[in-house]
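Engineer: Data file run.txt (compact mmCIF, C-alpha atoms) is appended below.
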```
# COMPACT_ATOMS: atom_id res chain seq x y z
CA MET A 1160 -4.98 -21.28 19.46
CA ARG A 1161 -6.22 -20.03 22.84
CA ILE A 1162 -9.84 -19.07 23.44
CA SER A 1163 -11.33 -16.37 25.68
CA GLY A 1164 -14.95 -15.45 26.44
CA ASP A 1165 -18.20 -17.46 26.50
CA ASP A 1166 -20.63 -15.30 24.51
CA PRO A 1167 -20.59 -16.90 21.03
CA LEU A 1168 -20.73 -13.51 19.26
CA THR A 1169 -17.80 -11.96 21.13
CA ARG A 1170 -15.63 -15.06 21.62
CA MET A 1171 -12.01 -14.35 20.67
CA GLY A 1172 -9.11 -16.69 20.00
CA LYS A 1173 -5.34 -16.28 19.88
CA ILE A 1174 -4.28 -17.70 16.54
CA ASP A 1175 -0.71 -18.84 15.88
CA PHE A 1176 0.25 -18.03 12.26
CA SER A 1177 3.52 -19.99 12.26
CA GLY A 1178 4.88 -17.98 15.17
CA VAL A 1179 3.01 -14.71 14.72
CA ILE A 1180 0.21 -14.64 17.30
CA LYS A 1181 -2.89 -12.57 16.50
CA GLN A 1182 -6.32 -12.21 18.06
CA ALA A 1183 -9.29 -13.18 15.92
CA SER A 1184 -13.03 -13.30 16.46
CA LEU A 1185 -14.45 -16.82 16.75
CA ALA A 1186 -18.06 -15.63 16.34
CA TYR A 1187 -18.50 -17.55 13.08
CA VAL A 1188 -16.81 -20.80 14.12
CA PRO A 1189 -18.72 -21.68 17.31
CA ASP A 1190 -17.46 -25.27 17.40
CA VAL A 1191 -13.69 -24.72 17.14
CA LYS A 1192 -11.44 -26.00 19.92
CA VAL A 1193 -7.87 -25.28 20.94
CA GLY A 1194 -5.56 -27.00 18.46
CA ASP A 1195 -7.87 -26.64 15.43
CA TYR A 1196 -6.70 -24.88 12.27
CA VAL A 1197 -8.86 -22.02 10.99
CA ILE A 1198 -8.95 -19.72 7.97
CA VAL A 1199 -8.78 -16.10 9.13
CA HIS A 1200 -9.86 -13.02 7.16
CA VAL A 1201 -9.50 -9.46 8.56
CA GLY A 1202 -9.61 -10.60 12.17
CA PHE A 1203 -12.34 -13.23 11.84
CA ALA A 1204 -12.03 -17.00 11.70
CA LEU A 1205 -14.39 -17.95 8.87
CA SER A 1206 -13.86 -21.68 8.49
CA LYS A 1207 -12.30 -24.61 10.32
CA VAL A 1208 -9.88 -26.63 8.21
CA ASP A 1209 -11.16 -30.18 7.74
CA GLU A 1210 -8.02 -32.27 8.21
CA ASP A 1211 -9.41 -35.33 6.39
CA GLU A 1212 -10.45 -33.29 3.37
CA ALA A 1213 -7.05 -31.59 3.44
CA LYS A 1214 -5.43 -34.93 2.58
CA ASN A 1215 -7.63 -35.42 -0.49
CA VAL A 1216 -5.47 -33.39 -2.88
CA PHE A 1217 -2.59 -35.77 -2.16
CA GLU A 1218 -4.81 -38.87 -2.38
CA TYR A 1219 -5.97 -37.66 -5.78
CA LEU A 1220 -2.36 -37.34 -6.95
CA LYS A 1221 -1.62 -40.84 -5.70
CA GLN A 1222 -4.53 -42.15 -7.76
CA ILE A 1223 -3.21 -40.36 -10.85
CA ASP A 1224 0.16 -42.02 -10.21
CA GLU A 1225 -1.37 -45.46 -9.83
CA LEU A 1226 -3.42 -45.03 -13.01
CA GLY A 1227 -0.25 -43.90 -14.81
CA ASP A 1228 1.64 -46.99 -13.57
CA LEU A 1229 -1.15 -49.27 -14.78
CA LYS A 1230 -0.98 -47.73 -18.24
CA GLU A 1231 2.78 -48.12 -18.42
CA GLU A 1232 2.57 -51.77 -17.38
CA SER A 1233 -0.18 -52.72 -19.84
CA PRO A 1234 1.24 -54.02 -23.15
CA MET B 383 3.00 -23.53 7.90
CA LYS B 384 0.79 -26.63 8.03
CA PHE B 385 -1.91 -26.72 5.31
CA LEU B 386 0.12 -24.21 3.31
CA ASP B 387 3.64 -25.35 2.41
CA GLU B 388 2.61 -28.80 1.23
CA TYR B 389 0.25 -27.17 -1.29
CA ARG B 390 3.22 -25.43 -2.91
CA ASP B 391 5.25 -28.58 -3.66
CA ALA B 392 6.86 -28.14 -7.10
CA GLU B 393 7.06 -31.85 -7.88
CA LEU B 394 3.40 -32.46 -7.07
CA ALA B 395 2.48 -29.39 -9.13
CA GLN B 396 4.28 -30.96 -12.10
CA LYS B 397 2.23 -34.13 -11.60
CA PHE B 398 -1.00 -32.17 -11.87
CA ALA B 399 0.36 -30.31 -14.89
CA ARG B 400 1.26 -33.58 -16.64
CA GLU B 401 -2.23 -34.94 -16.01
CA ILE B 402 -3.79 -31.74 -17.41
CA HIS B 403 -1.59 -32.06 -20.53
CA ARG B 404 -2.57 -35.74 -20.87
CA ILE B 405 -6.34 -35.18 -20.82
CA THR B 406 -6.58 -31.92 -22.79
CA THR B 407 -7.51 -32.31 -26.47
CA LYS B 408 -9.34 -29.06 -27.28
CA GLN B 409 -9.04 -25.30 -26.73
CA TRP B 410 -10.60 -24.17 -23.44
CA LYS B 411 -10.97 -20.76 -21.82
CA ILE B 412 -11.27 -20.92 -18.04
CA MET B 413 -11.80 -17.88 -15.81
CA GLU B 414 -10.41 -17.73 -12.30
CA VAL B 415 -12.84 -15.35 -10.63
CA CYS B 416 -10.80 -14.21 -7.68
CA GLY B 417 -7.88 -11.78 -7.79
CA GLY B 418 -6.14 -13.77 -5.05
CA GLN B 419 -6.04 -16.70 -7.46
CA THR B 420 -4.79 -14.42 -10.28
CA HIS B 421 -1.87 -13.37 -8.08
CA ALA B 422 -1.00 -17.00 -7.24
CA ILE B 423 -1.19 -17.96 -10.93
CA VAL B 424 1.10 -15.16 -12.05
CA LYS B 425 3.45 -15.41 -9.05
CA PHE B 426 4.01 -19.16 -9.26
CA GLY B 427 3.84 -19.26 -13.09
CA ILE B 428 0.95 -21.73 -13.05
CA ASP B 429 -0.27 -20.56 -16.49
CA GLU B 430 3.14 -21.52 -17.90
CA LEU B 431 2.70 -25.10 -16.68
CA LEU B 432 -0.56 -25.51 -18.61
CA PRO B 433 -0.94 -26.85 -22.15
CA LYS B 434 -1.27 -24.14 -24.81
CA GLU B 435 -4.89 -25.20 -25.38
CA ILE B 436 -5.92 -23.89 -21.94
CA THR B 437 -6.15 -20.13 -21.49
CA LEU B 438 -6.76 -18.68 -18.05
CA ILE B 439 -8.82 -15.48 -18.16
CA HIS B 440 -8.46 -13.25 -15.11
CA GLY B 441 -11.82 -12.39 -13.57
CA PRO B 442 -13.29 -9.34 -11.81
CA GLY B 443 -12.83 -10.74 -8.29
CA CYS B 444 -10.85 -7.86 -6.87
CA PRO B 445 -13.11 -5.81 -4.57
CA VAL B 446 -10.85 -2.78 -4.62
CA CYS B 447 -10.77 -2.82 -8.43
CA VAL B 448 -14.55 -2.89 -8.90
CA THR B 449 -15.32 -0.19 -6.31
CA PRO B 450 -16.96 2.57 -8.38
CA LEU B 451 -15.18 5.87 -8.84
CA GLU B 452 -18.22 7.64 -7.35
CA ILE B 453 -17.80 5.76 -4.03
CA ILE B 454 -14.07 6.59 -3.92
CA ASP B 455 -14.95 10.26 -4.45
CA LYS B 456 -17.43 10.02 -1.56
CA ALA B 457 -14.72 8.46 0.62
CA LEU B 458 -12.37 11.33 -0.26
CA GLU B 459 -15.03 13.91 0.62
CA ILE B 460 -15.83 12.30 3.98
CA ALA B 461 -12.16 11.66 4.86
CA ALA B 462 -11.33 15.35 4.37
CA ARG B 463 -13.82 16.47 7.07
CA PRO B 464 -12.05 17.69 10.23
CA GLU B 465 -14.26 15.75 12.68
CA VAL B 466 -13.75 12.42 10.88
CA ILE B 467 -11.32 9.58 11.54
CA PHE B 468 -11.54 7.69 8.24
CA THR B 469 -10.53 4.03 8.53
CA SER B 470 -9.88 1.58 5.73
CA PHE B 471 -8.03 -1.54 4.67
CA GLY B 472 -4.60 -0.46 3.40
CA ASP B 473 -5.04 -1.17 -0.28
CA MET B 474 -7.80 1.45 -0.75
CA LEU B 475 -5.46 4.34 0.07
CA ARG B 476 -3.73 4.64 -3.30
CA VAL B 477 -6.81 3.91 -5.42
CA PRO B 478 -7.35 6.98 -7.61
CA GLY B 479 -10.67 8.80 -7.39
CA SER B 480 -11.55 11.30 -10.09
CA THR B 481 -9.13 13.91 -8.72
CA THR B 482 -7.02 12.48 -5.89
CA ASP B 483 -6.64 9.51 -3.51
CA LEU B 484 -7.00 8.85 0.24
CA LEU B 485 -3.24 8.97 0.78
CA SER B 486 -3.15 12.53 -0.58
CA VAL B 487 -6.08 13.51 1.63
CA LYS B 488 -4.05 12.16 4.56
CA ALA B 489 -0.98 14.11 3.41
CA ARG B 490 -3.05 17.30 3.44
CA GLY B 491 -4.06 16.70 7.07
CA GLY B 492 -7.02 14.35 6.81
CA ASP B 493 -7.15 11.77 9.62
CA VAL B 494 -7.01 8.61 7.49
CA ARG B 495 -5.98 5.41 9.26
CA ILE B 496 -5.32 1.88 8.07
CA VAL B 497 -6.96 -0.80 10.21
CA TYR B 498 -6.54 -4.57 10.11
CA SER B 499 -10.15 -5.40 10.98
CA PRO B 500 -13.50 -3.54 10.93
CA LEU B 501 -13.64 -4.25 14.67
CA ASP B 502 -10.57 -2.02 15.13
CA ALA B 503 -12.68 0.84 13.73
CA VAL B 504 -15.40 0.14 16.30
CA LYS B 505 -12.76 0.25 19.05
CA LEU B 506 -11.52 3.60 17.70
CA ALA B 507 -15.06 4.98 17.87
CA GLU B 508 -15.35 3.88 21.52
CA ALA B 509 -12.00 5.47 22.36
CA ASN B 510 -12.76 8.76 20.53
CA PRO B 511 -16.32 9.77 21.48
CA ALA B 512 -15.79 13.36 20.27
CA ARG B 513 -14.82 12.25 16.76
CA GLU B 514 -16.78 10.58 13.94
CA VAL B 515 -15.23 7.25 12.98
CA VAL B 516 -16.05 6.00 9.47
CA PHE B 517 -15.03 2.60 8.11
CA PHE B 518 -14.73 2.02 4.35
CA GLY B 519 -16.49 -1.34 3.99
CA VAL B 520 -15.15 -2.72 0.72
CA GLY B 521 -15.23 -6.41 -0.10
CA PHE B 522 -17.04 -9.50 -1.35
CA GLU B 523 -19.04 -12.05 0.62
CA THR B 524 -15.86 -13.01 2.51
CA THR B 525 -15.68 -9.57 4.08
CA ALA B 526 -19.42 -8.98 4.57
CA PRO B 527 -19.66 -10.98 7.84
CA THR B 528 -16.84 -8.88 9.31
CA THR B 529 -18.45 -5.52 8.49
CA ALA B 530 -21.83 -6.90 9.56
CA MET B 531 -20.31 -7.73 12.95
CA ALA B 532 -18.85 -4.22 13.23
CA VAL B 533 -22.30 -2.67 12.67
CA TYR B 534 -23.90 -5.20 15.03
CA GLN B 535 -21.41 -4.45 17.82
CA ALA B 536 -21.67 -0.69 17.28
CA ALA B 537 -25.46 -0.98 17.61
CA GLU B 538 -25.16 -3.15 20.75
CA LYS B 539 -22.83 -0.54 22.28
CA ASN B 540 -25.12 2.35 21.23
CA LEU B 541 -22.24 4.04 19.45
CA THR B 542 -23.53 7.13 17.66
CA ASN B 543 -20.14 8.20 16.28
CA PHE B 544 -19.53 5.10 14.13
CA SER B 545 -20.65 4.69 10.54
CA MET B 546 -19.69 2.85 7.40
CA LEU B 547 -19.27 3.73 3.74
CA ILE B 548 -20.37 0.47 2.18
CA SER B 549 -19.28 -0.97 -1.12
CA HIS B 550 -19.97 -4.68 -0.85
CA ALA B 551 -20.22 -6.78 -3.99
CA LEU B 552 -21.64 -10.25 -4.59
CA VAL B 553 -19.89 -12.75 -6.84
CA PRO B 554 -22.64 -14.98 -8.36
CA PRO B 555 -24.53 -12.06 -9.99
CA ALA B 556 -21.24 -10.95 -11.57
CA ILE B 557 -20.64 -14.43 -12.98
CA GLU B 558 -24.17 -14.34 -14.38
CA ALA B 559 -23.55 -10.90 -15.92
CA LEU B 560 -20.35 -12.18 -17.57
CA MET B 561 -22.01 -15.35 -18.87
CA SER B 562 -25.02 -13.53 -20.31
CA SER B 563 -22.96 -10.95 -22.19
CA PRO B 564 -22.95 -11.72 -25.94
CA ASN B 565 -19.15 -11.72 -26.36
CA CYS B 566 -18.46 -13.99 -23.40
CA GLN B 567 -15.70 -16.49 -24.18
CA VAL B 568 -15.50 -18.18 -20.78
CA GLN B 569 -16.25 -21.92 -20.86
CA GLY B 570 -15.49 -22.83 -17.26
CA PHE B 571 -15.06 -21.11 -13.89
CA LEU B 572 -12.81 -21.53 -10.91
CA ALA B 573 -15.10 -20.11 -8.21
CA ALA B 574 -13.43 -18.20 -5.37
CA GLY B 575 -12.89 -20.55 -2.44
CA HIS B 576 -12.97 -17.94 0.29
CA VAL B 577 -16.25 -16.42 -0.86
CA CYS B 578 -17.66 -19.94 -0.66
CA THR B 579 -16.37 -20.52 2.90
CA VAL B 580 -19.05 -17.96 3.84
CA MET B 581 -21.78 -18.51 1.23
CA GLY B 582 -21.32 -22.20 0.35
CA PHE B 583 -21.93 -23.10 -3.29
CA GLU B 584 -25.65 -23.78 -3.68
CA GLU B 585 -26.02 -20.51 -5.64
CA TYR B 586 -23.84 -21.94 -8.42
CA PHE B 587 -26.02 -24.92 -9.33
CA PRO B 588 -28.60 -22.89 -11.30
CA LEU B 589 -25.79 -20.95 -13.05
CA ALA B 590 -23.96 -24.13 -14.11
CA LYS B 591 -27.20 -25.52 -15.46
CA LYS B 592 -28.49 -22.38 -17.21
CA TYR B 593 -25.22 -21.56 -18.99
CA ARG B 594 -23.96 -25.17 -19.37
CA VAL B 595 -20.71 -24.20 -17.68
CA PRO B 596 -18.56 -26.16 -15.21
CA ILE B 597 -17.94 -24.31 -11.94
CA VAL B 598 -15.26 -25.66 -9.60
CA VAL B 599 -14.89 -24.10 -6.15
CA THR B 600 -11.11 -23.70 -5.88
CA GLY B 601 -8.54 -22.76 -3.25
CA PHE B 602 -5.59 -20.40 -3.52
CA GLU B 603 -2.40 -22.44 -3.36
CA PRO B 604 -0.66 -23.71 -6.51
CA LEU B 605 -1.83 -27.31 -6.04
CA ASP B 606 -5.39 -26.10 -5.41
CA ILE B 607 -5.45 -24.06 -8.59
CA LEU B 608 -3.91 -26.85 -10.68
CA GLN B 609 -6.41 -29.36 -9.33
CA GLY B 610 -9.23 -26.86 -9.99
CA VAL B 611 -8.06 -26.46 -13.60
CA LEU B 612 -7.77 -30.25 -13.97
CA MET B 613 -11.30 -30.81 -12.62
CA THR B 614 -12.68 -28.09 -14.93
CA ALA B 615 -10.81 -29.48 -17.95
CA GLN B 616 -12.06 -33.01 -17.19
CA GLN B 617 -15.63 -31.68 -17.17
CA LEU B 618 -15.13 -29.72 -20.40
CA GLU B 619 -13.49 -32.66 -22.17
CA SER B 620 -16.31 -35.01 -21.17
CA GLY B 621 -19.11 -32.51 -21.88
CA ARG B 622 -20.22 -32.12 -18.27
CA ALA B 623 -21.30 -28.83 -16.65
CA GLU B 624 -21.41 -29.44 -12.91
CA VAL B 625 -20.56 -27.70 -9.68
CA GLU B 626 -17.63 -29.37 -7.91
CA ASN B 627 -15.70 -28.49 -4.79
CA GLN B 628 -11.91 -28.69 -4.96
CA TYR B 629 -11.50 -26.68 -1.72
CA ALA B 630 -13.40 -29.06 0.56
CA ARG B 631 -10.92 -28.60 3.41
CA ALA B 632 -12.39 -25.11 3.93
CA VAL B 633 -15.71 -24.97 2.05
CA ARG B 634 -18.94 -26.73 3.01
CA ARG B 635 -21.85 -26.88 0.57
CA GLU B 636 -24.09 -24.80 2.87
CA GLY B 637 -21.30 -22.35 3.80
CA ASN B 638 -21.03 -20.67 7.17
CA GLN B 639 -24.53 -20.37 8.64
CA PRO B 640 -23.81 -18.02 11.58
CA ALA B 641 -22.01 -15.66 9.17
CA GLN B 642 -24.88 -15.75 6.65
CA ASN B 643 -27.39 -15.10 9.45
CA LEU B 644 -25.65 -11.92 10.56
CA ILE B 645 -25.21 -10.73 6.96
CA LYS B 646 -28.99 -11.12 6.48
CA LYS B 647 -29.74 -9.30 9.73
CA ILE B 648 -27.57 -6.26 8.90
CA PHE B 649 -27.69 -6.04 5.09
CA ARG B 650 -30.09 -6.33 2.19
CA VAL B 651 -29.31 -7.06 -1.45
CA VAL B 652 -29.23 -3.97 -3.70
CA PRO B 653 -28.25 -3.15 -7.30
CA ARG B 654 -24.67 -2.06 -7.64
CA LYS B 655 -22.28 -0.46 -10.08
CA TRP B 656 -19.01 -2.31 -10.77
CA ARG B 657 -16.07 -0.16 -11.86
CA GLY B 658 -15.12 -1.16 -15.40
CA ILE B 659 -18.21 -3.32 -15.87
CA GLY B 660 -21.30 -1.22 -15.15
CA GLU B 661 -24.42 -1.77 -13.07
CA ILE B 662 -25.31 -5.37 -12.19
CA PRO B 663 -28.74 -6.02 -10.67
CA GLN B 664 -28.86 -7.50 -7.15
CA SER B 665 -25.07 -7.59 -6.91
CA GLY B 666 -24.38 -5.43 -3.85
CA LEU B 667 -25.25 -5.06 -0.18
CA GLY B 668 -26.76 -2.05 1.59
CA LEU B 669 -27.77 -1.57 5.22
CA ASN B 670 -31.19 -2.76 6.35
CA ASP B 671 -33.59 0.03 7.43
CA GLU B 672 -33.00 -0.79 11.10
CA PHE B 673 -29.31 0.12 10.76
CA THR B 674 -29.42 3.21 8.50
CA ALA B 675 -28.02 5.30 11.40
CA PHE B 676 -24.69 3.64 10.53
CA ASP B 677 -24.82 4.68 6.87
CA ALA B 678 -22.01 7.19 6.31
CA GLU B 679 -23.46 8.37 2.97
CA LYS B 680 -26.67 9.45 4.74
CA LYS B 681 -24.92 10.75 7.84
CA PHE B 682 -22.63 13.10 5.91
CA GLY B 683 -25.07 13.83 3.10
CA VAL B 684 -22.50 13.27 0.36
CA ALA B 685 -23.93 14.08 -3.02
CA GLU B 686 -24.31 11.66 -5.92
CA SER B 687 -21.98 12.56 -8.75
CA ARG B 688 -21.37 11.32 -12.26
CA VAL B 689 -17.71 11.07 -13.14
CA GLU B 690 -15.80 9.76 -16.12
CA GLU B 691 -12.97 7.22 -15.97
CA SER B 692 -9.54 8.17 -17.28
CA SER B 693 -9.56 7.27 -20.97
CA GLU B 694 -5.93 6.07 -20.76
CA CYS B 695 -6.84 3.29 -18.31
CA LEU B 696 -8.15 0.10 -19.91
CA SER B 697 -8.96 -1.58 -16.59
CA GLY B 698 -12.56 -2.21 -17.71
CA LEU B 699 -11.30 -4.51 -20.46
CA VAL B 700 -8.91 -6.18 -18.01
CA LEU B 701 -11.70 -6.74 -15.47
CA ARG B 702 -13.94 -8.30 -18.13
CA GLY B 703 -11.09 -10.58 -19.19
CA GLN B 704 -10.92 -9.07 -22.70
CA ILE B 705 -7.27 -8.01 -22.53
CA LYS B 706 -4.32 -9.03 -20.33
CA PRO B 707 -2.79 -6.22 -18.25
CA HIS B 708 0.44 -5.96 -20.27
CA GLU B 709 -1.58 -5.35 -23.45
CA CYS B 710 -2.62 -1.93 -22.11
CA PRO B 711 -0.39 0.84 -23.58
CA ALA B 712 -0.18 2.59 -20.19
CA PHE B 713 0.99 -0.58 -18.36
CA GLY B 714 4.32 0.00 -16.61
CA VAL B 715 4.77 3.30 -18.46
CA LYS B 716 2.16 5.82 -17.36
CA CYS B 717 0.60 3.41 -14.88
CA THR B 718 2.64 1.90 -12.03
CA PRO B 719 1.77 0.91 -8.42
CA GLU B 720 3.28 4.23 -7.22
CA HIS B 721 1.31 6.28 -9.78
CA PRO B 722 -1.66 4.12 -10.78
CA LEU B 723 -4.23 5.18 -13.36
CA GLY B 724 -6.63 2.46 -12.26
CA ALA B 725 -7.40 0.33 -9.23
CA PRO B 726 -6.14 -3.04 -10.62
CA MET B 727 -2.60 -1.60 -10.50
CA VAL B 728 -2.99 -0.86 -6.78
CA SER B 729 -4.68 -3.74 -5.08
CA GLY B 730 -2.97 -6.86 -3.80
CA GLU B 731 -5.67 -8.68 -5.76
CA GLY B 732 -5.49 -6.58 -8.93
CA ALA B 733 -4.42 -8.29 -12.15
CA CYS B 734 -2.32 -5.30 -13.33
CA ALA B 735 -0.40 -5.27 -10.03
CA ALA B 736 0.27 -9.01 -10.36
CA TYR B 737 1.69 -8.60 -13.88
CA TYR B 738 3.70 -5.55 -12.81
CA ARG B 739 5.24 -7.43 -9.89
CA TYR B 740 5.95 -10.76 -11.51
CA ARG B 741 5.87 -10.28 -15.31
CA ARG B 742 7.45 -6.94 -16.14
CA ARG B 743 10.28 -8.25 -18.30
CA PRO B 744 8.82 -9.01 -21.74
CA GLU B 745 10.39 -12.49 -21.87
CA THR B 746 8.40 -13.54 -18.78
CA ILE B 747 5.10 -12.78 -20.51
CA PRO B 748 3.79 -15.93 -22.17
CA ALA B 749 3.20 -15.50 -25.88
CA LYS B 750 -0.32 -16.98 -25.97
```
Turn the structure described in the file into structure tokens.
Structural biologist:
Amino acid sequence: MRISGDDPLTRMGKIDFSGVIKQASLAYVPDVKVGDYVIVHVGFALSKVDEDEAKNVFEYLKQIDELGDLKEESP
Amino acid sequence: MKFLDEYRDAELAQKFAREIHRITTKQWKIMEVCGGQTHAIVKFGIDELLPKEITLIHGPGCPVCVTPLEIIDKALEIAARPEVIFTSFGDMLRVPGSTTDLLSVKARGGDVRIVYSPLDAVKLAEANPAREVVFFGVGFETTAPTTAMAVYQAAEKNLTNFSMLISHALVPPAIEALMSSPNCQVQGFLAAGHVCTVMGFEEYFPLAKKYRVPIVVTGFEPLDILQGVLMTAQQLESGRAEVENQYARAVRREGNQPAQNLIKKIFRVVPRKWRGIGEIPQSGLGLNDEFTAFDAEKKFGVAESRVEESSECLSGLVLRGQIKPHECPAFGVKCTPEHPLGAPMVSGEGACAAYYRYRRRPETIPAK
């Protein structure tokens, strides 16, 4: 992502969608920095992806696995 | 793409499915509100991974589908005017009004253009000062901050040749309308993650409490939806009715404050008619008094009309979750994406279009 402009309401970013580069407004994500991942809808970044939270789905699955193992081991 | 591919892992999806099978003991009906989720469910066959006790009911969360016929007719009338450049997201163009659609207006010489963003329409207005540029503002809370910004920028630039035909809808009042209807069968909701990126999920706490219904804010990838179903089923099985957030990588409890601030500045909450459902109080957005100069309905003086839906199209029942698309006699016969009778066959978020694309052969339609 590359960022241009200082005015928070007209700040634009170049967003890399796996190789396709598109401009998007950063008006609603004032704290994003180059390198962040954002969710874009009709030319506007609406939310920054929280990388820690993103891992939670997989942590949850790991816990299910561990619980399953415990059950299999118990007599 | 990062944060996308890993949420489509087939093996991990099976793990979630096994856990859902393990914990489910009773019959549950869960509604996914958003049409984007419906498409993912039908495309990836997520419903086929679930135990037979769990039925997914497809919700009304397709903005194109619930745009009233009267508004489409107004769009057609405005788009046909010679001075107008009528701009819209692509999926509105084939949606049938009472007599024709925007694509046919374009074929007869109307200047109808597809834009990617409402801001593209503002740019067109700047570049074409002798023409009237109208944007068809259709969408839920996810889209409202983008149309709000278009109006805001047009006002800042003193553009007098830009206006908007607005048909914004709000999700929580629709959930309330569904829950309070006497024949409601829904016992749990997957709330639409992208609506909540903007609005957060505080609005859902009173609904979960009042109707004793679990509401889980859920994302759009297969693993998201499976985890959302698992969290909802866990609540139902243990008798809880809480608001939970499966999509925490994108959704914060308070939502996106700058976006909400601009929505409040530009719009006010108004009653609104939903195609196939009827009028729902406080479920739409209209322009605040300060911005009425950008109201295309007022600018072009289009008249209110009362029109009847095609009786062959059962999209109202589909949108209320009372029938599945393939149960409609017109499905795939008289009604196809090329010649749709109703909006859910057109939109990328419409349930009928999802079934047409991914479930047309009878053997791919689950029996339940």
Engineer: Rounded to one decimal in Å, what is the spacing between atom CA of Lys647 of chain B and atom CA of Val504 of chain B?
Structural biologist: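 Those two atoms sit 18.4 Å apart.
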Engineer: Between chain A and chain B, at 9 Å or less, what are the per-residue closest atom pairs and their distances in Å? Count all atoms listed in the file, order by chain and rising residue number, and return it as a tab-separated table.
Structural biologist:
```
residue	atom	partner	partner_atom	distance
A:Leu1168	CA	B:Met531	CA	8.6
A:Thr1169	CA	B:Gln535	CA	9.0
A:Phe1176	CA	B:Met383	CA	7.5
A:Ser1177	CA	B:Met383	CA	5.6
A:Ala1186	CA	B:Pro640	CA	7.8
A:Tyr1187	CA	B:Pro640	CA	5.5
A:Val1188	CA	B:Pro640	CA	7.9
A:Pro1189	CA	B:Pro640	CA	8.5
A:Tyr1196	CA	B:Phe385	CA	8.6
A:Val1197	CA	B:Ala632	CA	8.5
A:Ile1198	CA	B:Ala632	CA	7.6
A:His1200	CA	B:Thr525	CA	7.4
A:Val1201	CA	B:Ser499	CA	4.8
A:Gly1202	CA	B:Ser499	CA	5.4
A:Phe1203	CA	B:Thr528	CA	6.8
A:Leu1205	CA	B:Thr579	CA	6.8
A:Ser1206	CA	B:Ala632	CA	5.9
A:Lys1207	CA	B:Ala632	CA	6.4
A:Val1208	CA	B:Ala632	CA	5.2
A:Asp1209	CA	B:Arg631	CA	4.6
A:Glu1210	CA	B:Arg631	CA	6.7
A:Asp1211	CA	B:Arg631	CA	7.5
A:Glu1212	CA	B:Arg631	CA	4.7
A:Ala1213	CA	B:Arg631	CA	4.9
A:Lys1214	CA	B:Arg631	CA	8.4
A:Asn1215	CA	B:Arg631	CA	8.5
A:Val1216	CA	B:Gln609	CA	7.7
A:Phe1217	CA	B:Leu394	CA	8.4
A:Leu1220	CA	B:Phe398	CA	7.3
A:Ile1223	CA	B:Glu401	CA	7.5
A:Asp1224	CA	B:Lys397	CA	8.3
```
Engineer: Could you check the closest approach to Ala623 of chain B for each of B:Arg594, B:Lys646, B:Lys456, B:Arg495 and tell me which residue wins, using only C-alpha atoms?
Structural biologist: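 Closest to Ala623 of chain B of all the choices is B:Arg594.
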Engineer: Counting only C-alpha atoms, figure out which residue out of B:Ala399, B:Glu691, B:Ala712, B:Val595 gets nearest to Cys566 of chain B.
Structural biologist: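 Closest candidate: B:Val595.
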Engineer: Enter the distance from atom CA of Gly418 of chain B to atom CA of Leu696 of chain B, in Å, rounded to one decimal.
Structural biologist: 20.4 Å
Engineer: Rounded to one decimal, what separation in Å do you get between atom CA of Pro442 of chain B and atom CA of Leu1185 of chain A?
Structural biologist: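 That distance, rounded to one decimal, is 29.5 Å.
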Engineer: I want to know what sits within 10 Å of Gly1172 of chain A, based on all atoms listed in the file, with residues of the same chain fewer than 3 positions away left out; could you give that as number ranges by chain?
Structural biologist: A: 1160-1164, 1169, 1175, 1180-1186, 1191-1193, 1202-1204
Engineer: List every protein, DNA or RNA residue with an atom no more than 10 Å from (-1.6, 3.4, -4.7) in the file's coordinates, counting all atoms listed in the file, and format the result as number ranges by chain.
Structural biologist: B: 472-478, 483-485, 718-729
Engineer: List as a list of chain:residue names: which residues have an atom within 10 Å of (-26.0, -14.4, -8.7), counting only C-alpha atoms?
Structural biologist: B:Leu552, B:Val553, B:Pro554, B:Pro555, B:Ala556, B:Ile557, B:Glu558, B:Ala559, B:Glu585, B:Tyr586, B:Pro588, B:Leu589, B:Ile662, B:Pro663, B:Gln664, B:Ser665
Engineer: Keeping only C-alpha atoms, write the selected residues to a file as a PDB file, in the coordinates of the input.
Structural biologist:
```
ATOM      1  CA  LEU B 552     -21.640 -10.250  -4.590  1.00  0.00           C
ATOM      2  CA  VAL B 553     -19.890 -12.750  -6.840  1.00  0.00           C
ATOM      3  CA  PRO B 554     -22.640 -14.980  -8.360  1.00  0.00           C
ATOM      4  CA  PRO B 555     -24.530 -12.060  -9.990  1.00  0.00           C
ATOM      5  CA  ALA B 556     -21.240 -10.950 -11.570  1.00  0.00           C
ATOM      6  CA  ILE B 557     -20.640 -14.430 -12.980  1.00  0.00           C
ATOM      7  CA  GLU B 558     -24.170 -14.340 -14.380  1.00  0.00           C
ATOM      8  CA  ALA B 559     -23.550 -10.900 -15.920  1.00  0.00           C
ATOM      9  CA  GLU B 585     -26.020 -20.510  -5.640  1.00  0.00           C
ATOM     10  CA  TYR B 586     -23.840 -21.940  -8.420  1.00  0.00           C
ATOM     11  CA  PRO B 588     -28.600 -22.890 -11.300  1.00  0.00           C
ATOM     12  CA  LEU B 589     -25.790 -20.950 -13.050  1.00  0.00           C
ATOM     13  CA  ILE B 662     -25.310  -5.370 -12.190  1.00  0.00           C
ATOM     14  CA  PRO B 663     -28.740  -6.020 -10.670  1.00  0.00           C
ATOM     15  CA  GLN B 664     -28.860  -7.500  -7.150  1.00  0.00           C
ATOM     16  CA  SER B 665     -25.070  -7.590  -6.910  1.00  0.00           C
TER      17      SER B 665
END
```
